[in-house]
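Q: File coords14.tsv follows (TSV, C-alpha atoms and all ligand atoms):
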```tsv
chain	number	residue	atom	x	y	z
A	1	MET	CA	34.23	44.44	82.47
A	2	LYS	CA	35.99	45.98	85.46
A	3	ARG	CA	35.79	49.72	85.83
A	4	MET	CA	38.50	52.34	86.23
A	5	LEU	CA	38.34	56.03	87.00
A	6	SER	CA	40.90	58.79	87.25
A	7	GLY	CA	41.28	62.50	86.73
A	8	ILE	CA	43.74	65.32	86.28
A	9	LYS	CA	43.58	68.78	87.80
A	10	PRO	CA	44.91	71.21	85.17
A	11	THR	CA	45.91	74.10	87.42
A	12	GLY	CA	48.55	74.65	84.75
A	13	GLN	CA	49.67	72.95	81.55
A	14	LEU	CA	49.86	69.15	81.63
A	15	HIS	CA	53.43	67.90	81.95
A	16	LEU	CA	55.49	64.81	81.31
A	17	GLY	CA	54.93	63.57	84.89
A	18	ASN	CA	51.16	63.62	84.30
A	19	TYR	CA	51.64	61.72	81.07
A	20	ILE	CA	54.03	59.09	82.40
A	21	GLY	CA	52.45	58.66	85.84
A	22	ALA	CA	48.82	58.73	84.76
A	23	LEU	CA	47.63	59.60	81.26
A	24	ARG	CA	49.51	56.92	79.33
A	25	HIS	CA	47.97	54.32	81.62
A	26	PHE	CA	44.44	55.64	81.00
A	27	VAL	CA	45.12	55.04	77.31
A	28	ASP	CA	46.57	51.56	77.88
A	29	TYR	CA	43.64	50.51	80.02
A	30	GLN	CA	40.77	51.79	77.87
A	31	ASP	CA	40.50	48.56	75.86
A	32	GLU	CA	40.52	46.25	78.83
A	33	TYR	CA	38.47	48.28	81.30
A	34	GLU	CA	35.46	50.55	81.32
A	35	MET	CA	37.43	53.77	81.65
A	36	PHE	CA	36.22	57.06	83.13
A	37	ALA	CA	38.65	59.96	82.73
A	38	PHE	CA	37.58	63.38	83.91
A	39	ILE	CA	38.97	66.89	84.18
A	40	ALA	CA	38.92	67.98	87.80
A	41	ASN	CA	37.96	71.64	87.42
A	42	LEU	CA	36.47	71.87	90.93
A	43	HIS	CA	39.88	70.89	92.28
A	44	CYS	CA	41.53	73.57	90.12
A	45	ILE	CA	39.89	76.39	92.04
A	46	THR	CA	41.28	75.23	95.40
A	47	VAL	CA	44.17	77.55	94.48
A	48	PRO	CA	43.75	81.00	92.88
A	49	GLN	CA	43.20	80.91	89.11
A	50	ASP	CA	43.12	83.46	86.34
A	51	PRO	CA	39.74	82.80	84.63
A	52	ALA	CA	40.96	83.07	81.01
A	53	GLU	CA	44.00	80.92	81.73
A	54	LEU	CA	41.95	78.31	83.57
A	55	GLN	CA	39.55	78.01	80.66
A	56	LYS	CA	42.44	77.53	78.26
A	57	ASN	CA	44.06	74.91	80.48
A	58	LEU	CA	40.79	72.98	80.77
A	59	LYS	CA	40.28	72.93	77.03
A	60	ASP	CA	43.92	71.95	76.46
A	61	CYS	CA	43.54	69.17	78.98
A	62	VAL	CA	40.65	67.61	77.04
A	63	ALA	CA	42.55	68.04	73.78
A	64	LEU	CA	45.61	66.40	75.33
A	65	TYR	CA	43.57	63.49	76.68
A	66	LEU	CA	42.48	62.86	73.10
A	67	ALA	CA	45.87	63.63	71.58
A	68	CYS	CA	47.55	61.13	73.91
A	69	GLY	CA	45.19	58.47	72.62
A	70	LEU	CA	42.08	58.40	74.79
A	71	ASP	CA	39.24	57.41	72.50
A	72	PRO	CA	35.81	58.86	73.33
A	73	SER	CA	34.13	55.81	71.79
A	74	LYS	CA	35.82	53.68	74.45
A	75	ALA	CA	36.42	55.96	77.44
A	76	THR	CA	33.95	58.29	79.14
A	77	ILE	CA	35.62	61.71	79.19
A	78	PHE	CA	33.93	64.55	81.05
A	79	LEU	CA	34.33	67.83	82.92
A	80	GLN	CA	33.70	67.50	86.66
A	81	THR	CA	31.26	70.44	86.94
A	82	ASP	CA	29.11	69.02	84.12
A	83	VAL	CA	28.17	66.37	86.67
A	84	PRO	CA	26.89	68.34	89.69
A	85	GLN	CA	26.73	65.19	91.82
A	86	HIS	CA	30.50	65.51	92.40
A	87	ALA	CA	30.06	68.66	94.46
A	88	GLN	CA	26.98	67.25	96.18
A	89	LEU	CA	28.56	63.96	97.23
A	90	GLY	CA	31.76	65.88	97.96
A	91	TYR	CA	29.98	67.80	100.69
A	92	ILE	CA	28.54	64.59	102.15
A	93	MET	CA	31.99	62.95	102.13
A	94	CYS	CA	33.42	66.02	103.82
A	95	CYS	CA	30.93	65.55	106.63
A	96	HIS	CA	32.20	61.99	107.07
A	97	THR	CA	35.92	62.86	107.04
A	98	TYR	CA	37.67	63.58	110.32
A	99	MET	CA	39.84	66.67	110.56
A	100	GLY	CA	42.61	64.41	111.86
A	101	GLU	CA	42.52	62.57	108.54
A	102	LEU	CA	42.73	65.78	106.51
A	103	ASN	CA	45.56	67.01	108.74
A	104	ARG	CA	47.58	63.94	107.79
A	105	MET	CA	47.35	64.53	104.02
A	106	THR	CA	50.89	65.28	102.89
A	107	GLN	CA	49.98	67.66	100.05
A	108	PHE	CA	48.27	70.12	102.38
A	109	LYS	CA	50.91	69.62	105.09
A	110	ASP	CA	53.68	70.37	102.57
A	111	LYS	CA	52.08	73.62	101.45
A	112	GLN	CA	51.60	74.64	105.06
A	113	ALA	CA	55.16	73.68	105.94
A	114	HIS	CA	56.46	75.88	103.11
A	115	GLY	CA	54.81	78.78	104.85
A	116	GLU	CA	52.22	79.37	102.13
A	117	THR	CA	49.58	81.70	103.46
A	118	ASN	CA	45.91	82.17	102.62
A	119	LEU	CA	45.42	78.48	101.86
A	120	SER	CA	41.76	77.90	101.08
A	121	GLY	CA	39.25	75.70	102.90
A	122	GLY	CA	38.71	73.98	99.56
A	123	LEU	CA	42.35	72.92	99.43
A	124	TYR	CA	42.08	71.48	102.94
A	125	THR	CA	38.94	69.44	102.23
A	126	TYR	CA	39.86	68.45	98.68
A	127	PRO	CA	40.64	64.80	99.55
A	128	SER	CA	36.96	64.40	100.55
A	129	LEU	CA	35.87	65.73	97.16
A	130	MET	CA	38.33	63.38	95.50
A	131	ALA	CA	36.74	60.49	97.40
A	132	ALA	CA	33.34	61.57	96.03
A	133	ASP	CA	34.79	61.76	92.48
A	134	ILE	CA	35.78	58.15	92.78
A	135	LEU	CA	32.97	56.60	94.80
A	136	LEU	CA	30.19	58.01	92.60
A	137	TYR	CA	31.20	55.51	89.90
A	138	ASP	CA	32.09	52.36	91.88
A	139	PRO	CA	35.40	51.81	90.06
A	140	ASP	CA	37.48	48.72	90.81
A	141	TYR	CA	40.74	50.59	90.23
A	142	VAL	CA	42.04	54.15	90.31
A	143	PRO	CA	45.25	54.56	88.24
A	144	VAL	CA	47.33	57.38	89.74
A	145	GLY	CA	50.89	58.52	90.26
A	146	ASP	CA	52.56	57.94	93.59
A	147	ASP	CA	51.57	61.34	95.08
A	148	GLN	CA	47.84	60.55	94.85
A	149	LYS	CA	48.00	57.14	96.52
A	150	GLN	CA	47.37	58.58	99.97
A	151	HIS	CA	44.16	60.20	98.72
A	152	VAL	CA	42.91	56.93	97.25
A	153	GLU	CA	43.68	55.23	100.55
A	154	LEU	CA	41.59	57.83	102.37
A	155	THR	CA	38.85	57.16	99.82
A	156	ARG	CA	38.94	53.48	100.78
A	157	ASP	CA	38.68	54.34	104.48
A	158	LEU	CA	35.69	56.62	103.84
A	159	ALA	CA	33.95	54.00	101.69
A	160	ILE	CA	34.39	51.37	104.39
A	161	ARG	CA	33.22	53.79	107.10
A	162	MET	CA	30.05	54.70	105.22
A	163	ASN	CA	29.34	51.10	104.20
A	164	ASN	CA	29.56	50.13	107.87
A	165	ARG	CA	27.31	52.97	108.96
A	166	TYR	CA	24.64	52.94	106.26
A	167	GLY	CA	24.81	49.56	104.51
A	168	ASP	CA	26.44	48.64	101.25
A	169	LEU	CA	26.84	51.96	99.41
A	170	PHE	CA	30.19	51.93	97.69
A	171	ARG	CA	32.66	49.59	96.05
A	172	VAL	CA	36.01	49.93	97.84
A	173	PRO	CA	38.47	50.85	95.06
A	174	GLU	CA	42.13	50.02	94.77
A	175	PRO	CA	44.85	52.48	93.77
A	176	LEU	CA	46.88	51.34	90.78
A	177	VAL	CA	50.39	52.78	90.91
A	178	ALA	CA	52.79	51.64	88.18
A	179	LYS	CA	56.24	50.31	89.07
A	180	THR	CA	58.02	52.65	86.65
A	181	GLY	CA	57.38	56.35	86.33
A	182	ALA	CA	54.93	56.81	89.21
A	183	ARG	CA	57.04	59.69	90.53
A	184	ILE	CA	58.91	61.61	87.86
A	185	MET	CA	61.22	64.13	89.46
A	186	SER	CA	62.11	67.68	88.50
A	187	LEU	CA	64.96	67.85	85.99
A	188	SER	CA	66.52	70.79	87.81
A	189	ASN	CA	66.12	69.30	91.28
A	190	PRO	CA	65.75	65.51	91.31
A	191	GLU	CA	64.83	65.58	95.01
A	192	LYS	CA	61.55	67.29	94.08
A	193	LYS	CA	58.57	65.96	92.12
A	194	MET	CA	58.09	67.31	88.59
A	195	SER	CA	55.15	69.63	89.02
A	196	LYS	CA	53.10	72.37	87.42
A	197	SER	CA	54.17	74.74	90.15
A	198	ASP	CA	57.86	74.52	89.19
A	199	GLU	CA	59.10	78.04	89.93
A	200	THR	CA	62.08	78.04	87.60
A	201	ASN	CA	60.25	76.24	84.74
A	202	LYS	CA	63.49	74.41	83.96
A	203	GLY	CA	62.66	71.20	85.75
A	204	CYS	CA	59.26	70.56	84.21
A	205	ILE	CA	58.63	69.48	80.61
A	206	TYR	CA	55.16	70.49	79.47
A	207	LEU	CA	53.40	68.38	76.86
A	208	LEU	CA	53.06	71.51	74.72
A	209	ASP	CA	56.71	72.63	75.05
A	210	SER	CA	58.45	73.19	71.72
A	211	GLU	CA	61.11	70.66	70.72
A	212	LYS	CA	63.83	73.24	71.30
A	213	VAL	CA	62.68	74.05	74.82
A	214	ALA	CA	62.12	70.40	75.80
A	215	ARG	CA	65.50	69.34	74.44
A	216	LYS	CA	67.25	72.13	76.33
A	217	LYS	CA	65.57	71.11	79.58
A	218	VAL	CA	66.71	67.50	79.20
A	219	MET	CA	70.24	68.43	78.14
A	220	SER	CA	70.64	70.70	81.17
A	221	ALA	CA	69.10	68.24	83.64
A	222	VAL	CA	70.99	67.97	86.92
A	223	THR	CA	73.02	64.75	87.13
A	224	ASP	CA	76.09	63.85	89.23
A	225	SER	CA	79.82	63.38	88.90
A	226	LEU	CA	79.88	59.56	88.99
A	227	GLY	CA	79.83	59.31	85.23
A	228	ARG	CA	77.92	56.03	84.84
A	229	VAL	CA	74.38	55.36	83.70
A	230	HIS	CA	73.23	53.28	86.63
A	231	PHE	CA	69.82	53.00	88.30
A	232	ASP	CA	70.34	54.11	91.88
A	233	PRO	CA	67.71	56.66	92.97
A	234	VAL	CA	69.48	57.33	96.31
A	235	ASN	CA	73.00	58.06	95.04
A	236	GLN	CA	72.19	59.03	91.44
A	237	PRO	CA	68.72	60.60	91.61
A	238	GLY	CA	69.09	62.73	88.45
A	239	ILE	CA	70.35	59.89	86.23
A	240	SER	CA	67.80	57.47	87.71
A	241	ASN	CA	65.02	59.93	86.96
A	242	LEU	CA	66.14	60.26	83.33
A	243	MET	CA	66.29	56.45	83.14
A	244	GLN	CA	62.70	56.24	84.39
A	245	ILE	CA	61.62	58.74	81.73
A	246	LEU	CA	63.41	56.81	78.99
A	247	SER	CA	62.06	53.46	80.16
A	248	SER	CA	58.48	54.78	80.37
A	249	LEU	CA	58.65	56.19	76.85
A	250	GLN	CA	60.13	52.98	75.46
A	251	ASP	CA	57.56	50.40	76.54
A	252	ASP	CA	58.86	50.14	80.11
A	253	ARG	CA	62.16	48.61	79.02
A	254	SER	CA	64.24	47.39	81.95
A	255	MET	CA	66.82	49.50	83.75
A	256	ALA	CA	69.40	46.73	83.14
A	257	ASP	CA	68.79	47.06	79.42
A	258	ILE	CA	69.35	50.83	79.56
A	259	GLU	CA	72.47	50.41	81.69
A	260	GLN	CA	73.83	47.98	79.14
A	261	GLU	CA	73.16	50.28	76.20
A	262	PHE	CA	75.02	53.18	77.81
A	263	GLU	CA	77.86	51.29	79.42
A	264	GLY	CA	81.08	53.18	78.85
A	265	LYS	CA	79.25	56.13	77.26
A	266	GLY	CA	79.07	59.66	78.64
A	267	TYR	CA	76.11	61.51	80.10
A	268	GLY	CA	75.93	63.61	76.90
A	269	ASP	CA	75.06	60.55	74.79
A	270	PHE	CA	72.58	59.34	77.37
A	271	LYS	CA	70.85	62.72	77.67
A	272	ARG	CA	70.62	62.96	73.89
A	273	ALA	CA	68.82	59.61	73.79
A	274	VAL	CA	66.40	60.78	76.50
A	275	ALA	CA	65.84	64.08	74.67
A	276	ASP	CA	65.14	62.18	71.41
A	277	ALA	CA	62.59	59.94	73.15
A	278	VAL	CA	60.90	62.91	74.86
A	279	CYS	CA	60.80	65.06	71.72
A	280	GLY	CA	59.53	62.14	69.64
A	281	LYS	CA	56.64	61.64	72.04
A	282	LEU	CA	55.86	65.38	72.29
A	283	ASN	CA	55.88	65.66	68.52
A	284	GLU	CA	53.40	62.79	68.19
A	285	ILE	CA	51.11	64.30	70.86
A	286	GLN	CA	51.33	67.87	69.50
A	287	THR	CA	50.55	66.82	65.92
A	288	ARG	CA	47.28	65.31	67.11
A	289	TYR	CA	46.63	68.18	69.54
A	290	ASN	CA	46.83	70.67	66.65
A	291	GLU	CA	44.25	68.69	64.69
A	292	ILE	CA	41.91	68.38	67.67
A	293	ILE	CA	42.05	71.81	69.31
A	294	SER	CA	39.68	73.55	66.91
A	295	SER	CA	37.89	70.55	65.43
A	296	GLY	CA	34.71	70.53	67.56
A	297	LEU	CA	35.68	67.12	68.92
A	298	ILE	CA	36.25	68.58	72.38
A	299	GLU	CA	32.64	69.79	72.70
A	300	THR	CA	31.04	66.56	71.47
A	301	THR	CA	33.33	64.47	73.66
A	302	LEU	CA	32.41	66.46	76.77
A	303	ASP	CA	28.67	66.47	75.97
A	304	ASP	CA	28.54	62.72	75.43
A	305	GLY	CA	30.79	61.97	78.40
A	306	ALA	CA	28.82	64.15	80.81
A	307	ALA	CA	25.50	62.60	79.74
A	308	LYS	CA	26.83	59.12	80.44
A	309	ALA	CA	28.53	60.07	83.72
A	310	ARG	CA	25.49	61.98	85.02
A	311	LYS	CA	23.25	58.94	84.70
A	312	ILE	CA	25.54	56.83	86.88
A	313	ALA	CA	26.28	59.61	89.35
A	314	ALA	CA	22.60	60.53	89.82
A	315	VAL	CA	21.66	56.98	90.81
A	316	LYS	CA	24.52	56.79	93.29
A	317	LEU	CA	23.85	60.16	94.92
A	318	GLU	CA	20.17	59.31	95.29
A	319	LYS	CA	21.06	56.00	96.95
A	320	VAL	CA	23.47	57.71	99.36
A	321	GLN	CA	21.07	60.50	100.34
A	322	ARG	CA	18.27	58.00	100.93
A	323	ALA	CA	20.51	55.74	103.04
A	324	ILE	CA	21.60	58.69	105.19
A	325	GLY	CA	17.97	59.75	105.67
A	326	MET	CA	18.32	63.09	103.91
A	327	GLU	CA	15.33	62.68	101.58
A	328	ILE	CA	11.62	63.02	102.32
A	329	ILE	CA	9.94	62.10	99.06
A	330	GLU	CA	10.90	58.84	97.39
A	331	LYS	CA	12.00	59.56	93.82
B	401	LIG	P1	47.19	65.99	89.47
B	401	LIG	O1	46.47	66.85	88.50
B	401	LIG	O2	48.16	66.64	90.40
B	401	LIG	O3	47.96	64.87	88.69
B	401	LIG	C1	47.31	64.06	87.72
B	401	LIG	C2	47.93	62.68	87.70
B	401	LIG	O4	49.31	62.79	87.36
B	401	LIG	C3	50.10	62.16	88.36
B	401	LIG	N1	51.36	62.92	88.52
B	401	LIG	C4	52.57	62.38	88.41
B	401	LIG	N2	52.97	61.13	88.14
B	401	LIG	C5	54.31	60.91	88.07
B	401	LIG	N3	55.23	61.87	88.28
B	401	LIG	C6	54.87	63.15	88.56
B	401	LIG	N4	55.80	64.09	88.76
B	401	LIG	C7	53.48	63.45	88.63
B	401	LIG	N5	52.79	64.59	88.88
B	401	LIG	C8	51.48	64.25	88.81
B	401	LIG	C9	49.27	62.22	89.63
B	401	LIG	O5	49.67	61.26	90.57
B	401	LIG	C10	47.87	61.99	89.08
B	401	LIG	O6	47.61	60.60	88.93
B	401	LIG	N6	43.80	65.10	92.97
B	401	LIG	C11	44.24	64.70	91.66
B	401	LIG	C12	43.14	64.81	90.60
B	401	LIG	C13	41.92	64.07	90.98
B	401	LIG	C14	41.75	62.65	90.90
B	401	LIG	C15	40.38	62.43	91.37
B	401	LIG	C16	42.55	61.59	90.51
B	401	LIG	C17	40.78	64.63	91.45
B	401	LIG	N7	39.85	63.64	91.69
B	401	LIG	C18	39.88	61.14	91.42
B	401	LIG	C19	42.02	60.30	90.57
B	401	LIG	C20	40.68	60.09	91.03
B	401	LIG	C21	45.38	65.62	91.26
B	401	LIG	O7	45.51	66.70	91.74
B	401	LIG	O8	46.16	65.11	90.29
```
Could you take the file, read its structure, and then write that structure out as structure tokens?
Ligand code: TYM
A:
Amino acid sequence: MKRMLSGIKPTGQLHLGNYIGALRHFVDYQDEYEMFAFIANLHCITVPQDPAELQKNLKDCVALYLACGLDPSKATIFLQTDVPQHAQLGYIMCCHTYMGELNRMTQFKDKQAHGETNLSGGLYTYPSLMAADILLYDPDYVPVGDDQKQHVELTRDLAIRMNNRYGDLFRVPEPLVAKTGARIMSLSNPEKKMSKSDETNKGCIYLLDSEKVARKKVMSAVTDSLGRVHFDPVNQPGISNLMQILSSLQDDRSMADIEQEFEGKGYGDFKRAVADAVCGKLNEIQTRYNEIISSGLIETTLDDGAAKARKIAAVKLEKVQRAIGMEIIEK
């Protein structure tokens, strides 16, 4: 069975972009692949966090993994810091990453370009830690949204570099980016990615938004004055984004099919259909979330997942440290 690994960094509440670009695929793949899905809490602290809020977001993230359909009897679900080898290999990967490579990472560059000050060293070196997250488990594939592809490509470069230098240490993984929904845009500004750090809160639908709030966000999504439901991300970015959302929530139905359904209809009808699909999905997720959040399932899932992940990660770290010549006593 081929292996897959991915993670989410809940610096805030999980949103529809996370679900469509990543989480729904974890669920789809868990039957066919050996799936590892973790919660990247080390990555969370690369930006300032309120401790109580962080803890809530982490717990919600596990509950939402389960509520969206990840099954702990199939997938290995764990918290990053429960497997200390992530931080350990992360440091080693950092020592094998060139500053030039980190300087090219668009996420850091974007934050810098926006004039954000007091960016942390952790944020700068986080792609090296992400490489460690992946390489510890030798996955064949890493399912991610479009914005994380560059980091998986760096991971491949680092794996190849270390394999060349020290012998065969890592499997070189491939990013898996879906054709539809890999970059869901903000509803209030379709030129920008939907993201947890949405300042206005209007452009981002959170998985735990109430039906009323979610519906309002969809109904007031920015569109255009062309008045036709047509997939054209350059000239109709808002409508095309809503089409991507609808398609993703309806078994990846084709854009042509959606265009046909709404031919001659107004944007109001179209938005209502998108809002119905979004609210239907949120309702399904939230019903399960409410059952899970205080059921004890979160704790057992994390305990079991960490035990399984640690075994694999310990063997890999040991192999890497020995190959580099960092160990004295053979274990
Ligand atoms: P994060 O937490 O920003 O996002 C989690 C996943 O959601 C995808 N995503 C989106 N997809 C479509 N449209 C959007 N608007 C959107 N926003 C986010 C992301 O592409 C991602 O797949 N560094 C990672 C977490 C991480 C990781 C890893 C992932 C840490 N180590 C190892 C894979 C493997 C991150 O910050 O994702």
Q: Return as a PyMOL selection string the residues of protein, DNA or RNA that approach ligand LIG 401 (chain B) to within 9 Å, with only C-alpha atoms and all ligand atoms taken into account.
A: chain A and resi 5-12+14-23+37-44+80+126-127+129-135+142-149+151-152+175+177+181-186+192-196+204
Q: What does the distance between atom CA of A:Phe262 and atom CA of A:Arg228 come to in Å, to one decimal place?
A: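 Answer for the atom CA of A:Phe262 to atom CA of A:Arg228 separation: 8.1 Å.
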Q: Could you write out as JSON the box around stretch 287-303 of chain A (axis-aligned, all atoms listed in the file, 5 Å on each side), with centre and edge lengths in Å to one decimal?
A:
```
{"center_x": 39.6, "center_y": 69.0, "center_z": 70.7, "size_x": 31.9, "size_y": 19.1, "size_z": 22.1}
```
Q: Quick one: pull the distance between atom CA of A:Leu282 and atom CA of A:Glu259, Å, one decimal.
A: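 Straight-line distance from atom CA of A:Leu282 to atom CA of A:Glu259 works out to 24.3 Å.
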Q: Return the single residue from A:Asn241, A:Ser210, A:Thr155, A:Asn118 that is closest to A:Glu191, with distances computed using all atoms listed in the file.
A: A:Asn241
Q: A:Gln13, A:Arg24, A:Cys61, A:Met4: which is nearest A:Asp252, counting only C-alpha atoms?
A: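 So, comparing all the options, the nearest one is A:Arg24.
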Q: How would you write as a ChimeraX atom specification the residues that get within 12 Å of (67.3, 63.4, 75.6) in the file's frame, counting all atoms listed in the file?
A: /A:187,205,211-221,239,242-243,245-246,249,267-281
Q: Write a file of the just-selected residues containing C-alpha atoms, as a PDB file, in the frame of the given file.
A:
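Final output, saved to again.pdb:
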```pdb
ATOM      1  CA  LEU A 187      64.960  67.850  85.990  1.00  0.00           C
ATOM      2  CA  ILE A 205      58.630  69.480  80.610  1.00  0.00           C
ATOM      3  CA  GLU A 211      61.110  70.660  70.720  1.00  0.00           C
ATOM      4  CA  LYS A 212      63.830  73.240  71.300  1.00  0.00           C
ATOM      5  CA  VAL A 213      62.680  74.050  74.820  1.00  0.00           C
ATOM      6  CA  ALA A 214      62.120  70.400  75.800  1.00  0.00           C
ATOM      7  CA  ARG A 215      65.500  69.340  74.440  1.00  0.00           C
ATOM      8  CA  LYS A 216      67.250  72.130  76.330  1.00  0.00           C
ATOM      9  CA  LYS A 217      65.570  71.110  79.580  1.00  0.00           C
ATOM     10  CA  VAL A 218      66.710  67.500  79.200  1.00  0.00           C
ATOM     11  CA  MET A 219      70.240  68.430  78.140  1.00  0.00           C
ATOM     12  CA  SER A 220      70.640  70.700  81.170  1.00  0.00           C
ATOM     13  CA  ALA A 221      69.100  68.240  83.640  1.00  0.00           C
ATOM     14  CA  ILE A 239      70.350  59.890  86.230  1.00  0.00           C
ATOM     15  CA  LEU A 242      66.140  60.260  83.330  1.00  0.00           C
ATOM     16  CA  MET A 243      66.290  56.450  83.140  1.00  0.00           C
ATOM     17  CA  ILE A 245      61.620  58.740  81.730  1.00  0.00           C
ATOM     18  CA  LEU A 246      63.410  56.810  78.990  1.00  0.00           C
ATOM     19  CA  LEU A 249      58.650  56.190  76.850  1.00  0.00           C
ATOM     20  CA  TYR A 267      76.110  61.510  80.100  1.00  0.00           C
ATOM     21  CA  GLY A 268      75.930  63.610  76.900  1.00  0.00           C
ATOM     22  CA  ASP A 269      75.060  60.550  74.790  1.00  0.00           C
ATOM     23  CA  PHE A 270      72.580  59.340  77.370  1.00  0.00           C
ATOM     24  CA  LYS A 271      70.850  62.720  77.670  1.00  0.00           C
ATOM     25  CA  ARG A 272      70.620  62.960  73.890  1.00  0.00           C
ATOM     26  CA  ALA A 273      68.820  59.610  73.790  1.00  0.00           C
ATOM     27  CA  VAL A 274      66.400  60.780  76.500  1.00  0.00           C
ATOM     28  CA  ALA A 275      65.840  64.080  74.670  1.00  0.00           C
ATOM     29  CA  ASP A 276      65.140  62.180  71.410  1.00  0.00           C
ATOM     30  CA  ALA A 277      62.590  59.940  73.150  1.00  0.00           C
ATOM     31  CA  VAL A 278      60.900  62.910  74.860  1.00  0.00           C
ATOM     32  CA  CYS A 279      60.800  65.060  71.720  1.00  0.00           C
ATOM     33  CA  GLY A 280      59.530  62.140  69.640  1.00  0.00           C
ATOM     34  CA  LYS A 281      56.640  61.640  72.040  1.00  0.00           C
TER      35      LYS A 281
END
```
Q: I'd like to know which of A:Gln55, A:Thr180, A:Gln49, A:Asn163 is closest to A:Gln250, using all atoms listed in the file.
A: A:Thr180
Q: Restricting the calculation to all atoms listed in the file: of A:Asp60, A:Gly203, A:Arg165, A:Tyr124, which residue gets closest to A:Lys109?
A: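 Closest candidate: A:Tyr124.
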Q: If you keep N, CA and C atoms, can you output stretch 106-119 of chain A as an mmCIF file, in the first residue's frame?
A:
```cif
data_model
loop_
_atom_site.group_PDB
_atom_site.id
_atom_site.type_symbol
_atom_site.label_atom_id
_atom_site.label_comp_id
_atom_site.auth_asym_id
_atom_site.auth_seq_id
_atom_site.Cartn_x
_atom_site.Cartn_y
_atom_site.Cartn_z
ATOM 1 N N THR A 106 7.646 31.738 -1.231
ATOM 2 C CA THR A 106 6.754 32.882 -1.439
ATOM 3 C C THR A 106 5.998 33.293 -0.167
ATOM 4 N N GLN A 107 5.678 32.312 0.706
ATOM 5 C CA GLN A 107 4.890 32.697 1.882
ATOM 6 C C GLN A 107 5.645 33.703 2.753
ATOM 7 N N PHE A 108 6.932 33.428 2.973
ATOM 8 C CA PHE A 108 7.729 34.339 3.796
ATOM 9 C C PHE A 108 7.916 35.672 3.059
ATOM 10 N N LYS A 109 8.226 35.546 1.755
ATOM 11 C CA LYS A 109 8.450 36.764 0.950
ATOM 12 C C LYS A 109 7.217 37.671 0.990
ATOM 13 N N ASP A 110 6.017 37.040 0.889
ATOM 14 C CA ASP A 110 4.781 37.833 0.892
ATOM 15 C C ASP A 110 4.611 38.596 2.195
ATOM 16 N N LYS A 111 4.867 37.901 3.311
ATOM 17 C CA LYS A 111 4.708 38.567 4.607
ATOM 18 C C LYS A 111 5.678 39.735 4.716
ATOM 19 N N GLN A 112 6.924 39.484 4.237
ATOM 20 C CA GLN A 112 7.922 40.538 4.292
ATOM 21 C C GLN A 112 7.511 41.718 3.409
ATOM 22 N N ALA A 113 7.005 41.371 2.216
ATOM 23 C CA ALA A 113 6.624 42.414 1.265
ATOM 24 C C ALA A 113 5.479 43.274 1.817
ATOM 25 N N HIS A 114 4.623 42.661 2.646
ATOM 26 C CA HIS A 114 3.517 43.428 3.222
ATOM 27 C C HIS A 114 3.968 44.283 4.394
ATOM 28 N N GLY A 115 5.267 44.285 4.614
ATOM 29 C CA GLY A 115 5.820 45.148 5.650
ATOM 30 C C GLY A 115 5.584 44.632 7.062
ATOM 31 N N GLU A 116 5.258 43.330 7.187
ATOM 32 C CA GLU A 116 5.060 42.806 8.545
ATOM 33 C C GLU A 116 6.398 42.809 9.280
ATOM 34 N N THR A 117 6.356 43.282 10.506
ATOM 35 C CA THR A 117 7.611 43.367 11.253
ATOM 36 C C THR A 117 7.661 42.259 12.311
ATOM 37 N N ASN A 118 8.813 42.119 12.928
ATOM 38 C CA ASN A 118 9.015 41.109 13.970
ATOM 39 C C ASN A 118 8.657 39.695 13.518
ATOM 40 N N LEU A 119 8.952 39.385 12.253
ATOM 41 C CA LEU A 119 8.747 38.008 11.787
ATOM 42 C C LEU A 119 9.761 37.127 12.503
#
```
